[in-house]
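Structure file target-v2.csv with CSV, C-alpha atoms:
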chain,number,residue,atom,x,y,z
A,1,MET,CA,-9.3,21.5,-8.0
A,2,LYS,CA,-11.0,18.2,-8.6
A,3,VAL,CA,-9.7,15.2,-10.5
A,4,LEU,CA,-12.0,12.7,-12.1
A,5,ILE,CA,-10.4,9.2,-12.6
A,6,ASP,CA,-11.8,6.3,-14.5
A,7,VAL,CA,-10.4,2.9,-13.8
A,8,THR,CA,-11.3,0.2,-16.3
A,9,LEU,CA,-10.3,-3.5,-16.7
A,10,LYS,CA,-7.7,-4.0,-19.4
A,11,GLU,CA,-8.7,-5.4,-22.7
A,12,GLY,CA,-8.9,-9.1,-22.6
A,13,ILE,CA,-9.6,-9.3,-18.9
A,14,MET,CA,-12.9,-11.1,-18.3
A,15,ASP,CA,-15.6,-8.7,-17.0
A,16,PRO,CA,-18.5,-10.9,-15.7
A,17,GLN,CA,-20.3,-7.7,-14.5
A,18,GLY,CA,-20.1,-6.2,-17.9
A,19,ASN,CA,-21.4,-9.5,-19.5
A,20,ALA,CA,-24.3,-9.6,-17.1
A,21,VAL,CA,-25.3,-6.0,-17.8
A,22,LYS,CA,-24.9,-6.7,-21.6
A,23,ASP,CA,-27.4,-9.6,-21.3
A,24,GLY,CA,-29.7,-7.3,-19.4
A,25,LEU,CA,-29.6,-4.6,-22.1
A,26,ILE,CA,-30.2,-7.2,-24.8
A,27,LYS,CA,-33.2,-8.5,-22.9
A,28,LEU,CA,-34.6,-5.0,-22.9
A,29,GLY,CA,-34.3,-5.0,-26.6
A,30,TYR,CA,-31.1,-2.9,-27.1
A,31,ASP,CA,-28.7,-4.2,-29.7
A,32,VAL,CA,-25.4,-3.8,-27.9
A,33,ASN,CA,-22.2,-5.6,-28.8
A,34,ASN,CA,-20.2,-5.3,-25.5
A,35,VAL,CA,-20.3,-3.7,-22.0
A,36,ARG,CA,-17.4,-3.1,-19.8
A,37,ILE,CA,-17.8,-1.8,-16.2
A,38,GLY,CA,-15.2,0.2,-14.4
A,39,LYS,CA,-14.8,2.5,-11.4
A,40,HIS,CA,-15.1,6.3,-11.3
A,41,ILE,CA,-13.1,8.1,-8.5
A,42,GLU,CA,-13.4,11.8,-7.7
A,43,ILE,CA,-10.7,13.4,-5.6
A,44,GLU,CA,-10.6,17.0,-4.3
A,45,LEU,CA,-7.0,18.4,-4.3
A,46,LYS,CA,-5.4,21.6,-3.2
A,47,ASP,CA,-5.0,23.8,-6.2
A,48,LEU,CA,-1.7,23.0,-7.9
A,49,GLU,CA,0.0,23.7,-11.2
A,50,ILE,CA,-1.3,21.4,-13.7
A,51,ASN,CA,2.0,19.5,-14.3
A,52,LYS,CA,2.4,19.0,-10.6
A,53,ALA,CA,-1.2,17.8,-10.2
A,54,GLU,CA,-0.8,15.4,-13.1
A,55,LYS,CA,2.3,13.9,-11.6
A,56,LEU,CA,0.6,13.5,-8.2
A,57,VAL,CA,-2.5,11.8,-9.6
A,58,LYS,CA,-0.3,9.4,-11.7
A,59,GLU,CA,1.5,8.5,-8.6
A,60,MET,CA,-1.7,7.9,-6.6
A,61,CYS,CA,-3.0,5.7,-9.5
A,62,GLU,CA,0.2,3.7,-9.8
A,63,LYS,CA,0.8,3.2,-6.1
A,64,PHE,CA,-2.7,2.5,-5.0
A,65,LEU,CA,-5.8,3.3,-7.0
A,66,VAL,CA,-5.1,1.0,-10.0
A,67,ASN,CA,-3.8,-2.5,-10.2
A,68,PRO,CA,-1.7,-2.5,-13.4
A,69,VAL,CA,-1.9,-6.3,-13.7
A,70,ILE,CA,-5.6,-6.1,-14.6
A,71,GLU,CA,-6.6,-2.4,-14.9
A,72,THR,CA,-5.8,0.8,-16.8
A,73,TYR,CA,-6.9,4.4,-16.1
A,74,THR,CA,-7.5,7.8,-17.5
A,75,PHE,CA,-8.1,11.1,-15.7
A,76,ARG,CA,-9.1,14.7,-16.3
A,77,PHE,CA,-9.3,17.8,-14.1
A,78,GLU,CA,-12.3,19.9,-13.3
A,79,VAL,CA,-11.1,23.3,-12.1
B,1,MET,CA,8.7,-22.5,15.5
B,2,LYS,CA,6.7,-19.4,16.3
B,3,ALA,CA,3.7,-18.4,14.3
B,4,GLY,CA,1.7,-15.1,14.0
B,5,VAL,CA,-1.7,-14.6,12.6
B,6,VAL,CA,-2.4,-11.1,11.4
B,7,VAL,CA,-5.7,-9.6,12.5
B,8,PHE,CA,-6.9,-6.9,10.1
B,9,PRO,CA,-10.2,-5.0,10.7
B,10,GLY,CA,-12.5,-7.3,8.8
B,11,SER,CA,-10.5,-10.6,9.1
B,12,ASN,CA,-12.9,-13.4,9.9
B,13,CYS,CA,-10.8,-16.6,9.6
B,14,ASP,CA,-8.0,-15.5,12.0
B,15,ARG,CA,-9.4,-17.5,14.9
B,16,ASP,CA,-9.8,-20.6,12.8
B,17,VAL,CA,-6.1,-20.6,11.9
B,18,PHE,CA,-5.1,-19.7,15.4
B,19,ASP,CA,-7.0,-22.6,16.9
B,20,VAL,CA,-5.7,-25.1,14.4
B,21,LEU,CA,-2.1,-24.1,15.1
B,22,LYS,CA,-2.8,-24.1,18.9
B,23,ASP,CA,-4.2,-27.6,18.6
B,24,LEU,CA,-0.9,-28.7,17.0
B,25,ASN,CA,1.0,-27.2,20.0
B,26,VAL,CA,2.5,-24.4,17.9
B,27,ASP,CA,3.6,-21.2,19.8
B,28,VAL,CA,1.1,-18.9,18.1
B,29,LYS,CA,-0.1,-15.4,18.7
B,30,TYR,CA,-2.3,-12.8,17.0
B,31,ILE,CA,-0.6,-9.7,15.5
B,32,TRP,CA,-2.8,-6.6,15.3
B,33,HIS,CA,-2.6,-4.8,11.9
B,34,ASP,CA,-1.3,-1.7,13.6
B,35,GLU,CA,1.6,-3.5,15.3
B,36,LYS,CA,5.0,-4.0,13.7
B,37,LYS,CA,6.4,-7.0,15.4
B,38,LEU,CA,7.2,-9.7,12.9
B,39,ASP,CA,9.2,-11.8,15.4
B,40,VAL,CA,7.8,-15.1,14.1
B,41,ASP,CA,8.8,-17.9,11.6
B,42,LEU,CA,5.4,-18.3,10.0
B,43,LEU,CA,3.2,-15.3,9.2
B,44,VAL,CA,-0.4,-16.0,8.3
B,45,LEU,CA,-2.6,-13.5,6.5
B,46,PRO,CA,-6.0,-15.0,7.2
B,47,GLY,CA,-9.3,-14.9,5.2
B,48,GLY,CA,-11.9,-12.3,5.5
B,49,PHE,CA,-12.6,-8.8,4.2
B,50,SER,CA,-9.7,-6.7,5.4
B,51,TYR,CA,-10.6,-3.0,5.6
B,52,GLY,CA,-13.9,-3.9,4.0
B,53,ASP,CA,-12.1,-4.9,0.8
B,54,TYR,CA,-12.8,-1.5,-0.6
B,55,LEU,CA,-11.3,-0.4,-3.8
B,56,ARG,CA,-9.9,-3.9,-4.5
B,57,CYS,CA,-9.6,-6.9,-2.3
B,58,GLY,CA,-6.4,-6.6,-0.3
B,59,ALA,CA,-5.5,-3.2,-1.8
B,60,ILE,CA,-5.8,-1.3,1.5
B,61,ALA,CA,-4.3,-4.1,3.7
B,62,ARG,CA,-1.2,-3.9,1.7
B,63,PHE,CA,-0.4,-0.5,3.3
B,64,SER,CA,-1.0,-1.6,6.9
B,65,ARG,CA,1.7,-1.0,9.4
B,66,VAL,CA,2.2,-4.7,10.2
B,67,LEU,CA,3.2,-5.3,6.6
B,68,GLU,CA,5.7,-2.4,6.3
B,69,ASP,CA,8.7,-4.8,6.6
B,70,ILE,CA,7.1,-7.7,4.7
B,71,TYR,CA,9.6,-7.6,1.8
B,72,ASP,CA,12.6,-8.0,4.2
B,73,PHE,CA,10.7,-10.7,6.1
B,74,SER,CA,10.1,-12.6,2.8
B,75,GLN,CA,13.8,-12.6,2.0
B,76,LYS,CA,14.6,-14.5,5.2
B,77,ASP,CA,14.2,-18.1,6.0
B,78,LYS,CA,10.6,-17.5,7.0
B,79,LEU,CA,7.3,-18.6,5.7
B,80,ILE,CA,4.3,-16.5,4.7
B,81,LEU,CA,0.9,-18.1,4.2
B,82,GLY,CA,-2.0,-16.1,2.6
B,83,ILE,CA,-5.4,-17.9,2.7
B,84,CYS,CA,-8.3,-16.4,0.7
B,85,ASN,CA,-8.2,-12.7,1.5
B,86,GLY,CA,-4.5,-13.3,2.5
B,87,PHE,CA,-3.8,-14.6,-1.1
B,88,GLN,CA,-5.4,-11.4,-2.5
B,89,ILE,CA,-3.2,-9.3,-0.2
B,90,LEU,CA,-0.1,-11.2,-1.4
B,91,THR,CA,-0.9,-10.4,-5.0
B,92,GLU,CA,-1.5,-6.8,-4.2
B,93,LEU,CA,1.8,-6.7,-2.4
B,94,LYS,CA,3.4,-8.3,-5.6
B,95,LEU,CA,4.9,-11.0,-3.4
B,96,LEU,CA,2.9,-13.3,-5.7
B,97,PRO,CA,2.2,-12.6,-9.4
B,98,GLY,CA,-1.2,-12.2,-10.9
B,99,ALA,CA,-4.5,-10.9,-9.5
B,100,LEU,CA,-7.8,-12.2,-8.2
B,101,LEU,CA,-10.9,-11.1,-10.1
B,102,LYS,CA,-14.6,-11.5,-9.5
B,103,ASN,CA,-15.8,-15.1,-9.9
B,104,LYS,CA,-16.8,-15.8,-13.5
B,105,ASN,CA,-20.5,-16.5,-12.6
B,106,LEU,CA,-20.6,-13.5,-10.3
B,107,LYS,CA,-21.7,-15.6,-7.3
B,108,PHE,CA,-20.0,-16.0,-4.0
B,109,VAL,CA,-19.2,-19.7,-3.8
B,110,CYS,CA,-19.2,-21.5,-0.5
B,111,SER,CA,-18.7,-25.3,-0.8
B,112,ASP,CA,-16.4,-28.2,-0.4
B,113,CYS,CA,-13.8,-28.4,-3.1
B,114,ASN,CA,-11.5,-31.0,-4.5
B,115,LEU,CA,-8.0,-29.9,-5.2
B,116,ILE,CA,-5.1,-31.6,-6.9
B,117,VAL,CA,-1.7,-31.2,-5.1
B,118,GLU,CA,0.5,-30.2,-8.1
B,119,ASN,CA,3.6,-29.6,-6.1
B,120,ASN,CA,4.5,-31.4,-2.9
B,121,ASN,CA,8.0,-30.0,-2.9
B,122,THR,CA,7.1,-27.0,-0.7
B,123,PRO,CA,7.3,-26.4,3.0
B,124,PHE,CA,3.5,-26.3,3.0
B,125,THR,CA,2.7,-29.5,1.1
B,126,ARG,CA,5.6,-31.9,1.9
B,127,LEU,CA,3.4,-34.4,3.7
B,128,TYR,CA,1.1,-34.8,0.6
B,129,LYS,CA,1.7,-37.0,-2.4
B,130,LYS,CA,2.0,-35.3,-5.8
B,131,GLY,CA,-1.2,-35.6,-7.7
B,132,GLU,CA,-3.2,-36.4,-4.6
B,133,VAL,CA,-6.7,-35.1,-4.4
B,134,VAL,CA,-7.6,-33.3,-1.2
B,135,ASN,CA,-10.8,-31.6,0.0
B,136,PHE,CA,-10.6,-28.0,1.4
B,137,PRO,CA,-13.6,-25.8,1.5
B,138,ILE,CA,-13.8,-22.6,-0.5
B,139,ALA,CA,-15.7,-19.4,0.3
B,140,HIS,CA,-15.1,-16.4,-1.9
B,141,GLY,CA,-16.6,-14.0,-4.4
B,142,GLU,CA,-13.3,-12.9,-5.9
B,143,GLY,CA,-11.2,-16.0,-6.4
B,144,ASN,CA,-10.9,-16.0,-10.1
B,145,TYR,CA,-7.1,-16.0,-10.5
B,146,PHE,CA,-5.8,-14.1,-13.5
B,147,ILE,CA,-2.3,-14.1,-14.9
B,148,ASP,CA,-1.2,-13.3,-18.5
B,149,ASP,CA,0.2,-16.0,-20.8
B,150,GLU,CA,3.8,-15.1,-20.1
B,151,GLY,CA,3.3,-15.2,-16.4
B,152,LEU,CA,1.5,-18.5,-16.6
B,153,LYS,CA,4.4,-19.9,-18.6
B,154,LYS,CA,6.8,-18.8,-15.8
B,155,LEU,CA,4.6,-20.3,-13.1
B,156,LYS,CA,4.6,-23.6,-14.9
B,157,GLU,CA,8.4,-23.6,-15.7
B,158,ASN,CA,9.2,-22.9,-12.0
B,159,GLU,CA,6.7,-25.3,-10.7
B,160,GLN,CA,5.0,-22.5,-8.7
B,161,ILE,CA,1.5,-23.9,-9.1
B,162,VAL,CA,0.8,-25.8,-5.9
B,163,PHE,CA,-2.9,-26.5,-5.9
B,164,ARG,CA,-5.4,-26.8,-8.8
B,165,TYR,CA,-9.1,-27.2,-8.8
B,166,LYS,CA,-10.4,-30.5,-10.0
B,167,VAL,CA,-13.6,-28.7,-11.2
B,168,ASN,CA,-13.0,-25.0,-11.7
B,169,PRO,CA,-15.5,-23.1,-9.5
B,170,ASN,CA,-14.6,-19.5,-10.4
B,171,GLY,CA,-13.1,-19.2,-13.8
B,172,SER,CA,-9.5,-19.2,-12.5
B,173,THR,CA,-6.8,-19.3,-15.2
B,174,ASN,CA,-5.5,-22.9,-15.7
B,175,ASP,CA,-7.7,-24.0,-12.7
B,176,ILE,CA,-5.2,-22.4,-10.3
B,177,ALA,CA,-6.2,-22.5,-6.7
B,178,GLY,CA,-2.8,-21.8,-5.0
B,179,ILE,CA,0.7,-20.7,-6.0
B,180,ILE,CA,4.0,-20.2,-4.4
B,181,ASN,CA,6.8,-17.6,-5.1
B,182,GLN,CA,10.0,-18.5,-6.8
B,183,LYS,CA,12.0,-18.7,-3.6
B,184,GLY,CA,9.4,-21.2,-2.3
B,185,ASN,CA,8.5,-19.5,1.0
B,186,VAL,CA,5.4,-17.5,0.2
B,187,LEU,CA,2.2,-19.4,-0.5
B,188,GLY,CA,-1.2,-18.0,-1.4
B,189,LEU,CA,-4.3,-20.1,-1.9
B,190,MET,CA,-8.1,-19.4,-2.1
B,191,PRO,CA,-9.3,-22.6,-0.4
B,192,HIS,CA,-9.2,-22.9,3.4
B,193,PRO,CA,-7.0,-25.7,4.8
B,194,GLU,CA,-7.9,-24.5,8.3
B,195,ARG,CA,-11.5,-25.4,7.7
B,196,ALA,CA,-10.5,-29.0,6.8
B,197,PHE,CA,-9.0,-29.8,10.1
B,198,TYR,CA,-11.6,-31.6,12.2
B,199,LYS,CA,-13.5,-34.7,11.0
B,200,ILE,CA,-16.7,-33.4,12.5
B,201,LEU,CA,-16.5,-30.5,10.1
B,202,GLY,CA,-16.3,-32.7,7.1
B,203,SER,CA,-12.6,-33.1,6.1
B,204,GLU,CA,-9.3,-33.6,7.9
B,205,ASP,CA,-7.3,-33.1,4.7
B,206,GLY,CA,-5.9,-29.8,6.0
B,207,VAL,CA,-4.1,-31.4,9.0
B,208,ARG,CA,-1.1,-32.4,6.9
B,209,PHE,CA,-0.9,-28.9,5.5
B,210,PHE,CA,-0.2,-27.5,8.9
B,211,LYS,CA,1.9,-30.5,9.9
B,212,SER,CA,4.0,-29.9,6.8
B,213,ILE,CA,4.9,-26.4,8.0
B,214,ILE,CA,5.8,-27.7,11.5
B,215,SER,CA,7.9,-30.5,10.0
B,216,TYR,CA,9.7,-28.0,7.8
B,217,PHE,CA,10.9,-26.1,10.8
B,218,GLY,CA,11.8,-29.4,12.4
Represent the structure contained in this file as structure tokens.
Amino acid sequence: MKVLIDVTLKEGIMDPQGNAVKDGLIKLGYDVNNVRIGKHIEIELKDLEINKAEKLVKEMCEKFLVNPVIETYTFRFEV
Amino acid sequence: MKAGVVVFPGSNCDRDVFDVLKDLNVDVKYIWHDEKKLDVDLLVLPGGFSYGDYLRCGAIARFSRVLEDIYDFSQKDKLILGICNGFQILTELKLLPGALLKNKNLKFVCSDCNLIVENNNTPFTRLYKKGEVVNFPIAHGEGNYFIDDEGLKKLKENEQIVFRYKVNPNGSTNDIAGIINQKGNVLGLMPHPERAFYKILGSEDGVRFFKSIISYFG
């Protein structure tokens, strides 16, 4: 099974990359209000029961993949 | 006093710190990231791009073998100094609060930098005057220190802010350039005192930084 994790900066954390891309989009004529840039991580796992897999992915995120001081995350499975 | 400079794959300021300590006649050695011998009084986490700084700066270094016993080490009467990438690693380890984000203007900044010594009551700054302005170079792309309001309040209350930028180069909260832990033995800073050691290189303001540490151990 595969897990798809999205890591984004918490609300209120300055995102200079997002701001630069927003300016780019505006220059191209798109009327956008805000852009936030994050990370997308895909991990292949051994097949597990869904609760076990969820627990494992949460652990990976909290231990390593995400810095809770500045980031937040969501994930979904692709079976 | 014995000092150890950790060498991660991707460290690039390890030799600078090593040479500076050697010039001050300190018994200093390199500690490879895969060794686990913290038999020193001062542990330096040098600047660079440990493990390529993948995922987040310092995020992978945090799990290196050399740092397995770092929490015990920090509880003892020992000093830990994190410069630049070392500061990022210390925040990832949670030995220091906050985190380091990309510079506000997205540019890697490499320049001389004036800093205000906010706290000279630390083992690292005892030979400076409070409020003194010193010149240490900076060289980083992710030195924008972030801490939330509550955390900032705590830093201020406990006098944990040690260095502040005179002119903010990276968007750092409250112009913070360097902080110390509550116990007062773990310091992290983005600027490089080891690059302000020889007059021929532009500034000697960093000499007292390292002499402070030596005098602390007496």
For the interface of chain B with chain A (cut-off 10 Å, counting all atoms listed in the file), please tabulate each contacting residue of chain B alongside its nearest pair of atoms and their separation in Å to one decimal, rows sorted by chain and increasing number, as a tab-separated table.
residue	atom	partner	partner_atom	distance
B:Leu55	CA	A:Leu65	CA	7.4
B:Arg56	CA	A:Asn67	CA	8.5
B:Ala59	CA	A:Phe64	CA	7.1
B:Ile60	CA	A:Phe64	CA	8.1
B:Arg62	CA	A:Phe64	CA	9.4
B:Phe63	CA	A:Phe64	CA	9.1
B:Thr91	CA	A:Val69	CA	9.7
B:Glu92	CA	A:Asn67	CA	7.7
B:Lys94	CA	A:Val69	CA	9.9
B:Pro97	CA	A:Val69	CA	8.7
B:Gly98	CA	A:Val69	CA	6.6
B:Ala99	CA	A:Val69	CA	6.7
B:Leu100	CA	A:Ile70	CA	9.1
B:Leu101	CA	A:Met14	CA	8.4
B:Lys102	CA	A:Pro16	CA	7.3
B:Asn103	CA	A:Pro16	CA	7.7
B:Lys104	CA	A:Pro16	CA	5.6
B:Asn105	CA	A:Pro16	CA	6.7
B:Leu106	CA	A:Pro16	CA	6.4
B:Asn144	CA	A:Met14	CA	9.8
B:Phe146	CA	A:Ile70	CA	8.1
B:Ile147	CA	A:Val69	CA	7.9
B:Asp148	CA	A:Val69	CA	8.5
B:Gly171	CA	A:Met14	CA	9.3
Practice problem: Identify which of the residues B:Glu204, B:Glu159, B:Asp72, B:Asp112 lies closest to Leu38 (chain B), counting all atoms listed in the file when measuring atom-to-atom distances. | Solution: B:Asp72
Quiz item: Can you tell me, as a list in words, what residues are no more than 8 Å from Ile83 (chain B) when counting all atoms listed in the file, ignoring any on the same chain fewer than 3 positions away?
Solution: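 Here the answer would be Val44, Leu45, Pro46, Gly47, Gly86, Phe87, Gly188, Leu189, Met190, Pro191 and His192 of chain B.
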Quiz item: Between CA of Gly82 (chain B) and CA of Val186 (chain B), what is the spacing in Å?
Solution: 7.9 Å
Exercise. For Leu43 (chain B), list every protein, DNA or RNA residue within 7 Å, evaluated using all atoms listed in the file, and leave out those in the same chain fewer than 2 positions away; present the list as a list in words.
Key: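 Using all atoms listed in the file, the neighbours found are Ala3, Gly4, Val5, Val40, Asp41, Leu45, Leu79, Ile80 and Leu81 of chain B.
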Restricting it to C-alpha atoms, dump the selection as a PDB file, keeping the file's coordinate frame.
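Saved the output as part-v2.pdb:
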ATOM      1  CA  ALA B   3       3.700 -18.400  14.300  1.00  0.00           C
ATOM      2  CA  GLY B   4       1.700 -15.100  14.000  1.00  0.00           C
ATOM      3  CA  VAL B   5      -1.700 -14.600  12.600  1.00  0.00           C
ATOM      4  CA  VAL B  40       7.800 -15.100  14.100  1.00  0.00           C
ATOM      5  CA  ASP B  41       8.800 -17.900  11.600  1.00  0.00           C
ATOM      6  CA  LEU B  45      -2.600 -13.500   6.500  1.00  0.00           C
ATOM      7  CA  LEU B  79       7.300 -18.600   5.700  1.00  0.00           C
ATOM      8  CA  ILE B  80       4.300 -16.500   4.700  1.00  0.00           C
ATOM      9  CA  LEU B  81       0.900 -18.100   4.200  1.00  0.00           C
TER      10      LEU B  81
END
Quiz prompt | Non-local contacts of Val7 (chain B) (12 Å; only C-alpha atoms; under 2 positions in same chain excluded) as a ChimeraX atom specification | solution = /B:4-5,9-18,29-35,43-51,61,64-67,85-86
